[in-house]
$ cat coords29.tsv   # TSV, C-alpha atoms
chain	number	residue	atom	x	y	z
A	1	MET	CA	-13.80	-16.01	-32.91
A	2	THR	CA	-16.77	-16.13	-30.58
A	3	ASN	CA	-18.37	-19.57	-30.96
A	4	ASP	CA	-15.73	-22.05	-32.13
A	5	LEU	CA	-12.04	-22.16	-31.36
A	6	VAL	CA	-9.62	-23.36	-33.98
A	7	GLY	CA	-8.00	-26.59	-32.80
A	8	ALA	CA	-4.54	-25.12	-32.19
A	9	ASP	CA	-5.97	-22.15	-30.33
A	10	ARG	CA	-8.08	-24.43	-28.19
A	11	GLY	CA	-4.95	-26.41	-27.42
A	12	LEU	CA	-3.18	-23.23	-26.34
A	13	PHE	CA	-5.83	-22.49	-23.73
A	14	GLU	CA	-5.61	-26.06	-22.47
A	15	ALA	CA	-1.81	-25.80	-22.41
A	16	LEU	CA	-1.95	-22.93	-19.90
A	17	TYR	CA	-2.64	-25.48	-17.18
A	18	GLU	CA	-0.13	-28.03	-18.42
A	19	GLY	CA	3.05	-25.99	-18.17
A	20	GLU	CA	5.28	-23.87	-20.34
A	21	ASN	CA	6.48	-26.72	-22.52
A	22	ALA	CA	2.88	-27.41	-23.51
A	23	VAL	CA	2.45	-23.73	-24.36
A	24	VAL	CA	5.53	-23.86	-26.60
A	25	ARG	CA	4.16	-26.94	-28.37
A	26	ALA	CA	0.79	-25.28	-28.95
A	27	LEU	CA	2.44	-22.17	-30.40
A	28	ARG	CA	4.61	-24.31	-32.68
A	29	ALA	CA	1.49	-26.14	-33.79
A	30	GLY	CA	0.10	-22.86	-35.09
A	31	ALA	CA	-1.85	-21.40	-32.19
A	32	SER	CA	-2.10	-17.62	-32.26
A	33	PRO	CA	-0.46	-15.82	-29.29
A	34	ASP	CA	-3.51	-13.54	-29.46
A	35	ALA	CA	-6.01	-16.43	-29.36
A	36	ARG	CA	-9.35	-15.80	-27.69
A	37	ASP	CA	-11.82	-18.20	-26.14
A	38	GLU	CA	-15.56	-18.40	-26.74
A	39	ASP	CA	-16.11	-15.42	-24.40
A	40	GLY	CA	-13.59	-13.23	-26.19
A	41	THR	CA	-10.98	-13.50	-23.44
A	42	ALA	CA	-7.41	-13.31	-24.75
A	43	VAL	CA	-5.08	-16.12	-23.79
A	44	LEU	CA	-2.60	-13.49	-22.55
A	45	TYR	CA	-5.24	-12.05	-20.22
A	46	ARG	CA	-5.98	-15.53	-18.86
A	47	ALA	CA	-2.28	-16.18	-18.25
A	48	ALA	CA	-1.92	-12.78	-16.55
A	49	VAL	CA	-4.77	-13.27	-14.08
A	50	GLU	CA	-3.68	-16.86	-13.39
A	51	ASP	CA	-0.19	-15.56	-12.44
A	52	LEU	CA	1.77	-17.49	-15.06
A	53	PRO	CA	4.76	-15.21	-15.66
A	54	GLY	CA	6.71	-17.73	-17.74
A	55	THR	CA	3.74	-18.29	-20.02
A	56	VAL	CA	3.12	-14.56	-20.26
A	57	ARG	CA	6.70	-14.05	-21.42
A	58	LEU	CA	6.35	-16.85	-23.99
A	59	LEU	CA	3.16	-15.34	-25.42
A	60	LEU	CA	4.69	-11.88	-25.56
A	61	ALA	CA	7.82	-13.21	-27.27
A	62	ALA	CA	5.55	-14.91	-29.82
A	63	GLY	CA	3.93	-11.55	-30.61
A	64	ALA	CA	0.94	-11.29	-28.27
A	65	ASP	CA	-0.46	-7.80	-27.90
A	66	PRO	CA	0.41	-6.72	-24.31
A	67	ASP	CA	-2.70	-4.53	-24.30
A	68	GLY	CA	-5.05	-7.10	-25.79
A	69	GLY	CA	-8.32	-6.70	-23.95
A	70	GLY	CA	-10.31	-9.57	-22.54
A	71	GLY	CA	-13.99	-10.37	-22.14
A	72	PRO	CA	-16.89	-9.86	-24.55
A	73	GLY	CA	-16.28	-6.11	-24.82
A	74	ARG	CA	-12.52	-6.56	-24.68
A	75	GLY	CA	-12.44	-4.02	-21.88
A	76	ASP	CA	-10.37	-6.06	-19.41
A	77	LEU	CA	-6.64	-5.44	-19.77
A	78	PRO	CA	-3.94	-8.02	-18.95
A	79	LEU	CA	-2.00	-5.39	-16.98
A	80	CYS	CA	-5.01	-4.52	-14.83
A	81	GLY	CA	-5.78	-8.20	-14.26
A	82	ALA	CA	-2.23	-8.81	-13.08
A	83	VAL	CA	-2.31	-5.76	-10.80
A	84	CYS	CA	-5.59	-6.86	-9.21
A	85	GLY	CA	-4.10	-10.24	-8.42
A	86	GLY	CA	-0.89	-8.75	-7.06
A	87	HIS	CA	1.13	-10.65	-9.68
A	88	THR	CA	4.29	-8.53	-9.67
A	89	GLU	CA	6.36	-10.66	-12.03
A	90	VAL	CA	3.57	-10.65	-14.63
A	91	VAL	CA	3.26	-6.87	-14.30
A	92	GLU	CA	7.01	-6.54	-14.92
A	93	ALA	CA	6.81	-8.73	-18.03
A	94	LEU	CA	3.87	-6.80	-19.49
A	95	LEU	CA	5.46	-3.42	-18.86
A	96	ALA	CA	8.75	-4.58	-20.36
A	97	ALA	CA	6.80	-5.60	-23.48
A	98	GLY	CA	5.28	-2.14	-23.79
A	99	ALA	CA	1.91	-2.44	-22.04
A	100	GLY	CA	0.42	1.03	-21.62
A	101	PRO	CA	0.32	1.87	-17.91
A	102	ASP	CA	-2.37	4.54	-18.34
A	103	LEU	CA	-4.83	2.63	-20.55
A	104	ARG	CA	-8.35	2.45	-19.14
A	105	GLU	CA	-10.46	-0.64	-18.66
A	106	ASP	CA	-14.23	-0.64	-18.65
A	107	PHE	CA	-15.60	1.71	-15.98
A	108	ASP	CA	-12.49	3.91	-16.38
A	109	PHE	CA	-10.12	1.94	-14.15
A	110	THR	CA	-6.39	2.14	-14.82
A	111	ALA	CA	-3.67	-0.17	-13.56
A	112	LEU	CA	-2.44	2.51	-11.13
A	113	ARG	CA	-5.97	3.08	-9.83
A	114	TRP	CA	-6.21	-0.63	-9.04
A	115	ALA	CA	-2.78	-0.61	-7.38
A	116	ALA	CA	-3.63	2.43	-5.25
A	117	GLY	CA	-6.98	1.01	-4.15
A	118	LEU	CA	-5.53	-2.37	-3.25
A	119	GLY	CA	-2.38	-1.11	-1.54
A	120	ARG	CA	-0.04	-2.73	-4.08
A	121	ALA	CA	2.89	-0.46	-3.33
A	122	ARG	CA	5.60	-2.40	-5.20
A	123	ILE	CA	3.39	-2.64	-8.28
A	124	ALA	CA	2.51	1.06	-8.06
A	125	GLU	CA	6.25	1.80	-8.06
A	126	LEU	CA	6.71	-0.32	-11.20
A	127	LEU	CA	3.85	1.41	-13.01
A	128	LEU	CA	5.14	4.85	-12.09
A	129	ALA	CA	8.68	3.95	-13.17
A	130	HIS	CA	7.22	2.99	-16.57
A	131	GLY	CA	5.51	6.33	-17.01
A	132	ALA	CA	2.12	5.99	-15.31
A	133	ASP	CA	0.62	9.40	-14.57
A	134	PRO	CA	0.54	9.79	-10.75
A	135	ASP	CA	-2.36	12.25	-11.00
A	136	LEU	CA	-4.55	10.51	-13.61
A	137	PRO	CA	-8.05	10.39	-12.09
A	138	GLY	CA	-10.04	7.20	-11.79
A	139	PRO	CA	-13.74	6.37	-12.17
A	140	GLN	CA	-15.04	8.85	-9.60
A	141	GLY	CA	-12.53	11.53	-10.59
A	142	GLU	CA	-10.30	10.80	-7.59
A	143	SER	CA	-6.55	10.86	-7.96
A	144	PRO	CA	-4.47	7.77	-7.11
A	145	LEU	CA	-3.07	9.65	-4.10
A	146	VAL	CA	-6.53	10.17	-2.60
A	147	VAL	CA	-7.37	6.52	-3.25
A	148	ALA	CA	-4.11	5.37	-1.62
A	149	ALA	CA	-4.76	7.64	1.37
A	150	ARG	CA	-8.19	6.07	1.79
A	151	ARG	CA	-6.68	2.62	1.52
A	152	GLY	CA	-4.37	3.47	4.41
A	153	SER	CA	-1.22	2.29	2.64
A	154	PRO	CA	1.76	4.54	3.52
A	155	ALA	CA	4.05	2.60	1.17
A	156	THR	CA	1.79	3.34	-1.80
A	157	VAL	CA	1.53	6.99	-0.80
A	158	ARG	CA	5.32	7.24	-0.58
A	159	ALA	CA	5.66	5.78	-4.08
A	160	LEU	CA	3.19	8.29	-5.49
A	161	LEU	CA	4.91	11.19	-3.76
A	162	ARG	CA	8.31	10.11	-5.11
A	163	TYR	CA	6.88	10.38	-8.62
A	164	GLY	CA	5.33	13.79	-8.14
A	165	ALA	CA	1.72	13.15	-7.14
A	166	SER	CA	0.27	16.57	-6.45
A	167	ASP	CA	-3.27	16.08	-5.07
A	168	LEU	CA	-1.96	16.60	-1.54
A	169	ARG	CA	-4.69	18.47	0.29
A	170	PRO	CA	-7.63	16.22	-0.69
A	171	ALA	CA	-5.49	13.19	0.21
A	172	LEU	CA	-4.63	14.73	3.59
A	173	GLU	CA	-8.31	15.44	4.25
A	174	GLU	CA	-9.14	11.81	3.51
A	175	ALA	CA	-6.38	10.50	5.78
A	176	ARG	CA	-7.47	12.78	8.61
A	177	ARG	CA	-11.12	11.76	8.15
A	178	LEU	CA	-10.27	8.09	8.48
A	179	LEU	CA	-8.12	8.75	11.53
A	180	ALA	CA	-11.30	9.77	13.30
A	181	VAL	CA	-13.35	6.65	12.46
A	182	ASP	CA	-13.20	2.96	13.27
A	183	VAL	CA	-12.00	1.24	10.09
A	184	ALA	CA	-13.97	-1.95	10.78
A	185	ASP	CA	-17.18	0.06	11.26
A	186	GLU	CA	-16.50	1.98	8.05
A	187	LEU	CA	-16.04	-1.23	6.07
A	188	ARG	CA	-19.10	-2.83	7.63
A	189	ARG	CA	-21.27	0.18	6.71
A	190	ALA	CA	-20.06	0.00	3.10
A	191	LEU	CA	-20.86	-3.70	2.90
A	192	ILE	CA	-24.33	-3.21	4.37
A	193	ALA	CA	-24.99	-0.38	1.91
A	194	ALA	CA	-24.10	-2.75	-0.94
A	195	HIS	CA	-25.76	-5.96	0.31
A	196	GLY	CA	-28.45	-4.85	2.73
A	197	PRO	CA	-28.85	-5.19	6.52
A	198	GLY	CA	-29.44	-8.29	8.60
A	199	HIS	CA	-26.18	-10.15	8.00
A	200	ARG	CA	-23.75	-11.26	10.66
A	201	SER	CA	-20.18	-10.13	10.13
A	202	THR	CA	-16.66	-11.07	11.13
A	203	VAL	CA	-13.57	-8.89	11.55
A	204	ARG	CA	-9.97	-10.03	11.10
A	205	ARG	CA	-6.84	-8.00	11.78
A	206	SER	CA	-3.68	-9.22	10.08
A	207	PRO	CA	-0.16	-7.77	10.22
A	208	VAL	CA	1.24	-6.26	7.03
A	209	PRO	CA	4.61	-4.50	6.68
A	210	GLY	CA	4.42	-1.38	8.82
A	211	GLY	CA	0.76	-1.72	9.66
A	212	VAL	CA	-2.41	-3.76	10.09
A	213	LEU	CA	-4.89	-5.02	7.50
A	214	VAL	CA	-8.51	-5.02	8.68
A	215	THR	CA	-10.86	-7.39	6.82
A	216	VAL	CA	-14.63	-7.37	7.33
A	217	GLU	CA	-16.81	-10.12	5.84
A	218	LEU	CA	-20.58	-10.57	5.77
A	219	LEU	CA	-21.86	-14.08	6.50
A	220	ARG	CA	-24.73	-16.04	5.04
A	221	ASP	CA	-25.47	-19.29	6.89
A	222	GLY	CA	-22.11	-18.88	8.58
A	223	VAL	CA	-20.21	-18.62	5.29
A	224	PRO	CA	-18.58	-15.38	4.05
A	225	PHE	CA	-20.16	-14.10	0.85
A	226	ALA	CA	-18.89	-10.52	0.67
A	227	GLY	CA	-15.93	-8.68	2.14
A	228	GLN	CA	-13.75	-5.60	2.08
A	229	ASP	CA	-10.37	-4.80	3.58
A	230	GLN	CA	-8.34	-1.72	4.38
A	231	GLU	CA	-5.02	-0.87	5.98
A	232	THR	CA	-4.74	1.38	9.01
A	233	GLY	CA	-1.75	3.59	8.19
A	234	HIS	CA	-3.77	6.79	8.01
A	235	GLY	CA	-1.73	8.43	10.76
A	236	ALA	CA	1.52	7.88	8.87
A	237	ILE	CA	-0.10	9.13	5.67
A	238	ALA	CA	-1.34	12.30	7.33
A	239	THR	CA	2.15	12.92	8.72
A	240	LEU	CA	3.76	12.34	5.30
A	241	LEU	CA	1.36	14.68	3.53
A	242	GLU	CA	1.70	17.41	6.15
A	243	GLU	CA	5.45	17.24	5.67
A	244	GLU	CA	5.01	17.66	1.90
A	245	LEU	CA	2.74	20.65	2.46
A	246	GLY	CA	4.95	22.24	5.11
A	247	ALA	CA	2.16	21.93	7.70
A	248	ARG	CA	2.90	21.32	11.38
A	249	ALA	CA	0.47	19.23	13.37
A	250	SER	CA	0.43	19.79	17.11
A	251	PHE	CA	2.62	17.64	19.34
A	252	GLU	CA	-0.37	16.03	20.99
A	253	GLU	CA	-1.91	15.21	17.62
A	254	LEU	CA	1.32	13.59	16.50
A	255	ALA	CA	1.65	11.69	19.77
A	256	GLY	CA	-1.90	10.42	19.36
A	257	ARG	CA	-1.09	9.09	15.90
A	258	ALA	CA	2.05	7.34	17.12
A	259	LEU	CA	0.45	5.82	20.19
A	260	ARG	CA	-2.90	4.72	18.78
A	261	GLY	CA	-1.46	1.42	17.54
A	262	GLY	CA	0.84	1.02	20.54
A	263	ASP	CA	3.58	-0.49	18.40
A	264	GLN	CA	6.95	1.08	17.57
A	265	ASP	CA	7.17	-1.01	14.39
A	266	LEU	CA	4.08	0.57	12.83
A	267	ASP	CA	4.46	3.28	10.21
A	268	ASP	CA	2.17	5.55	12.24
A	269	TRP	CA	4.78	5.57	15.02
A	270	ARG	CA	7.89	5.66	12.85
A	271	GLU	CA	6.75	8.58	10.69
A	272	VAL	CA	6.00	10.71	13.74
A	273	VAL	CA	9.44	9.99	15.19
A	274	ARG	CA	11.15	10.76	11.88
A	275	VAL	CA	9.33	14.06	11.34
A	276	LEU	CA	9.87	15.26	14.90
A	277	ARG	CA	13.58	14.45	14.78
A	278	LEU	CA	13.84	16.52	11.61
A	279	ARG	CA	12.20	19.51	13.26
A	280	GLY	CA	15.13	19.67	15.64
A	281	ASP	CA	13.95	22.77	17.50
A	282	GLU	CA	13.54	23.78	21.13
A	283	GLU	CA	9.78	23.29	21.09
A	284	THR	CA	10.20	19.68	19.96
A	285	PHE	CA	12.86	19.08	22.61
A	286	GLN	CA	10.49	20.28	25.31
A	287	ALA	CA	7.65	18.05	24.06
A	288	ALA	CA	9.87	14.97	23.79
A	289	SER	CA	11.35	15.63	27.23
A	290	ALA	CA	7.87	15.82	28.74
A	291	TRP	CA	6.92	12.50	27.15
A	292	ALA	CA	10.12	10.86	28.38
A	293	ALA	CA	9.40	12.10	31.92
A	294	SER	CA	5.75	10.99	31.93
A	295	ALA	CA	4.40	7.95	33.77
A	296	ASP	CA	3.10	6.32	30.58
A	297	PRO	CA	5.61	3.76	29.23
A	298	SER	CA	4.47	4.29	25.63
A	299	ARG	CA	5.00	8.05	25.90
A	300	GLN	CA	8.35	7.43	27.55
A	301	MET	CA	9.42	5.33	24.58
A	302	LEU	CA	8.15	7.89	22.09
A	303	GLY	CA	10.00	10.69	23.88
A	304	ALA	CA	13.20	8.64	24.06
A	305	GLN	CA	13.08	7.80	20.37
A	306	VAL	CA	12.62	11.43	19.37
A	307	LEU	CA	15.42	12.57	21.68
A	308	ALA	CA	17.73	9.87	20.29
A	309	ARG	CA	18.54	11.80	17.14
A	310	LEU	CA	16.80	15.13	17.60
A	311	GLY	CA	18.27	17.71	15.25
A	312	PHE	CA	21.20	15.52	14.18
A	313	ARG	CA	22.74	17.06	11.05
A	314	GLY	CA	26.23	16.74	9.64
A	315	GLY	CA	27.65	15.40	12.89
A	316	ALA	CA	25.99	18.10	15.03
A	317	LYS	CA	24.04	16.92	18.10
A	318	PRO	CA	22.52	20.16	19.35
A	319	PHE	CA	20.59	18.74	22.31
A	320	ALA	CA	23.19	16.30	23.61
A	321	ALA	CA	23.96	18.21	26.82
A	322	ARG	CA	20.33	18.14	27.92
A	323	ALA	CA	19.03	14.98	26.27
A	324	VAL	CA	21.66	12.59	27.61
A	325	PRO	CA	20.89	13.21	31.33
A	326	LEU	CA	17.16	12.75	30.68
A	327	LEU	CA	17.76	9.49	28.86
A	328	GLN	CA	20.11	8.26	31.60
A	329	VAL	CA	17.41	8.84	34.22
A	330	LEU	CA	14.82	7.03	32.11
A	331	ALA	CA	17.15	4.10	31.45
A	332	ARG	CA	17.81	3.80	35.20
A	333	ASP	CA	14.35	4.46	36.64
A	334	ALA	CA	11.81	3.29	34.05
A	335	VAL	CA	9.44	0.72	35.55
A	336	HIS	CA	8.62	-0.86	32.19
A	337	PRO	CA	11.58	-2.81	30.73
A	338	ALA	CA	10.77	-1.74	27.16
A	339	ALA	CA	10.99	1.94	28.15
A	340	ALA	CA	14.37	1.38	29.79
A	341	GLU	CA	15.63	-0.50	26.72
A	342	THR	CA	14.44	2.28	24.41
A	343	ALA	CA	16.26	4.85	26.53
A	344	GLU	CA	19.46	2.78	26.43
A	345	ARG	CA	19.27	2.53	22.65
A	346	ALA	CA	18.69	6.28	22.45
A	347	LEU	CA	21.79	6.90	24.56
A	348	ALA	CA	23.82	4.81	22.16
A	349	ALA	CA	23.08	7.34	19.43
A	350	TYR	CA	25.07	9.91	21.41
A	351	GLY	CA	28.12	7.67	21.62
A	352	PRO	CA	30.19	6.65	24.64

$ encode --input "coords29.tsv" --output "structure tokens"
Amino acid sequence: MTNDLVGADRGLFEALYEGENAVVRALRAGASPDARDEDGTAVLYRAAVEDLPGTVRLLLAAGADPDGGGGPGRGDLPLCGAVCGGHTEVVEALLAAGAGPDLREDFDFTALRWAAGLGRARIAELLLAHGADPDLPGPQGESPLVVAARRGSPATVRALLRYGASDLRPALEEARRLLAVDVADELRRALIAAHGPGHRSTVRRSPVPGGVLVTVELLRDGVPFAGQDQETGHGAIATLLEEELGARASFEELAGRALRGGDQDLDDWREVVRVLRLRGDEETFQAASAWAASADPSRQMLGAQVLARLGFRGGAKPFAARAVPLLQVLARDAVHPAAAETAERALAAYGP
């Protein structure tokens, strides 16, 4: 069916925008749940990319093929379309109906490759839980873990690691590379390479859970016409991957990762604190003590947070006798209120 839609099938496509009751009526009137429009796009694919989870479930219940490709070559998959749009409920419905998580679209993209490249951590988790291969390479032969590391999404990296992703060293190299560059400059260079020089650009930085999303857009007559975005959690990702590999970055390198965003709520900071607390050795105590005693409020807070639970295991608090006096001094003498508050919270971990 490429040139003329049967009346009922045409009505089904129109019903997509009229609500689920209209979809039910069109199906009862004889429309095929696998109907395609003049371009060869399946109605299920259209419903998936339009984020119509109720309609998707109706079509699937009526027998629609969850892997029915869309477009002239039928190379666009409903699952991949839903992943690209971030339509989690649609992804859940398609997977529950048996959509293949490792099927490839045109140009060799899989649903997990899209999720990794777009930082869709929750969706990546769903795909992996339904059997997606965490190491299946994408179009350029890169694993999802390397792609997620480039994206700068610690949450997506964590999901991949939980399901056994093994391409650790290349992913670590990518995270470390991006730690050394300005993300906005990197995105701008990629856009210029694709669209040519001479365009003005804008940069936006937006908060996302645990990090920052940097968006760069090229302008034509003051209007954006092309853009790319990337998260900035490369420090947290490097720390996570080093932990998986049993590698120990230097204390100054870890401090640099934590402090570069200047925010205790960022994953870059929190992962450093977590890993250092787990080390629980004398060398870490000395480094954290030096930070707590420095004149830099951010380093004071980092040191206090590490000391708060350094080496805690099974009720043991091996550094209590030395950490508590240091934290008491910081809580009393810190010039910056946030440093004093951090020290007070750290003291609370040691009890009354």

$ atom_distance --input "coords29.tsv" --atom1 "atom CA of Leu240 of chain A" --atom2 "atom CA of Cys84 of chain A"
25.8 Å

$ closest_atom_pairs --input "coords29.tsv" --of "segment 173-272 of chain A" --to "segment 136-154 of chain A" --cutoff "8 Å" --atoms "only C-alpha atoms" --output "CSV"
residue,atom,partner,partner_atom,distance
A:Glu174,CA,A:Arg150,CA,6.1
A:Ala175,CA,A:Ala149,CA,5.5
A:Leu178,CA,A:Arg150,CA,7.3
A:Gln230,CA,A:Arg151,CA,5.5
A:Glu231,CA,A:Gly152,CA,4.7
A:Thr232,CA,A:Gly152,CA,5.1
A:Gly233,CA,A:Gly152,CA,4.6
A:His234,CA,A:Gly152,CA,4.9
A:Ala236,CA,A:Pro154,CA,6.3
A:Ile237,CA,A:Pro154,CA,5.4
A:Asp267,CA,A:Pro154,CA,7.3

$ closest_residue --input "coords29.tsv" --among "A:Pro337, A:Gly235, A:Gly164, A:Gly7" --to "Ala26 of chain A" --atoms "only C-alpha atoms"
A:Gly7

$ atom_distance --input "coords29.tsv" --atom1 "atom CA of Ala323 of chain A" --atom2 "atom CA of Arg260 of chain A"
25.3 Å

$ closest_residue --input "coords29.tsv" --among "A:Met301, A:Ala349, A:Ala292, A:Glu89" --to "Ala320 of chain A" --atoms "all atoms listed in the file"
A:Ala349

$ closest_residue --input "coords29.tsv" --among "A:Ala308, A:Leu266, A:Ala15, A:Val83" --to "Ala48 of chain A" --atoms "all atoms listed in the file"
A:Val83

$ atom_distance --input "coords29.tsv" --atom1 "atom CA of Pro325 of chain A" --atom2 "atom CA of Arg248 of chain A"
28.1 Å

$ residues_around --input "coords29.tsv" --residues "Val214 of chain A" --least-positions-apart "6" --cutoff "8 Å" --atoms "all atoms listed in the file" --output "count of residues only"
10

$ closest_residue --input "coords29.tsv" --among "A:Leu187, A:Ala42, A:Leu172, A:Leu213" --to "Ala249 of chain A" --atoms "all atoms listed in the file"
A:Leu172

$ closest_residue --input "coords29.tsv" --among "A:Pro101, A:Gly63, A:Pro224, A:Gly280" --to "Arg113 of chain A" --atoms "only C-alpha atoms"
A:Pro101

$ closest_residue --input "coords29.tsv" --among "A:Ser166, A:Thr342, A:Thr215, A:Thr202" --to "Ala304 of chain A" --atoms "only C-alpha atoms"
A:Thr342
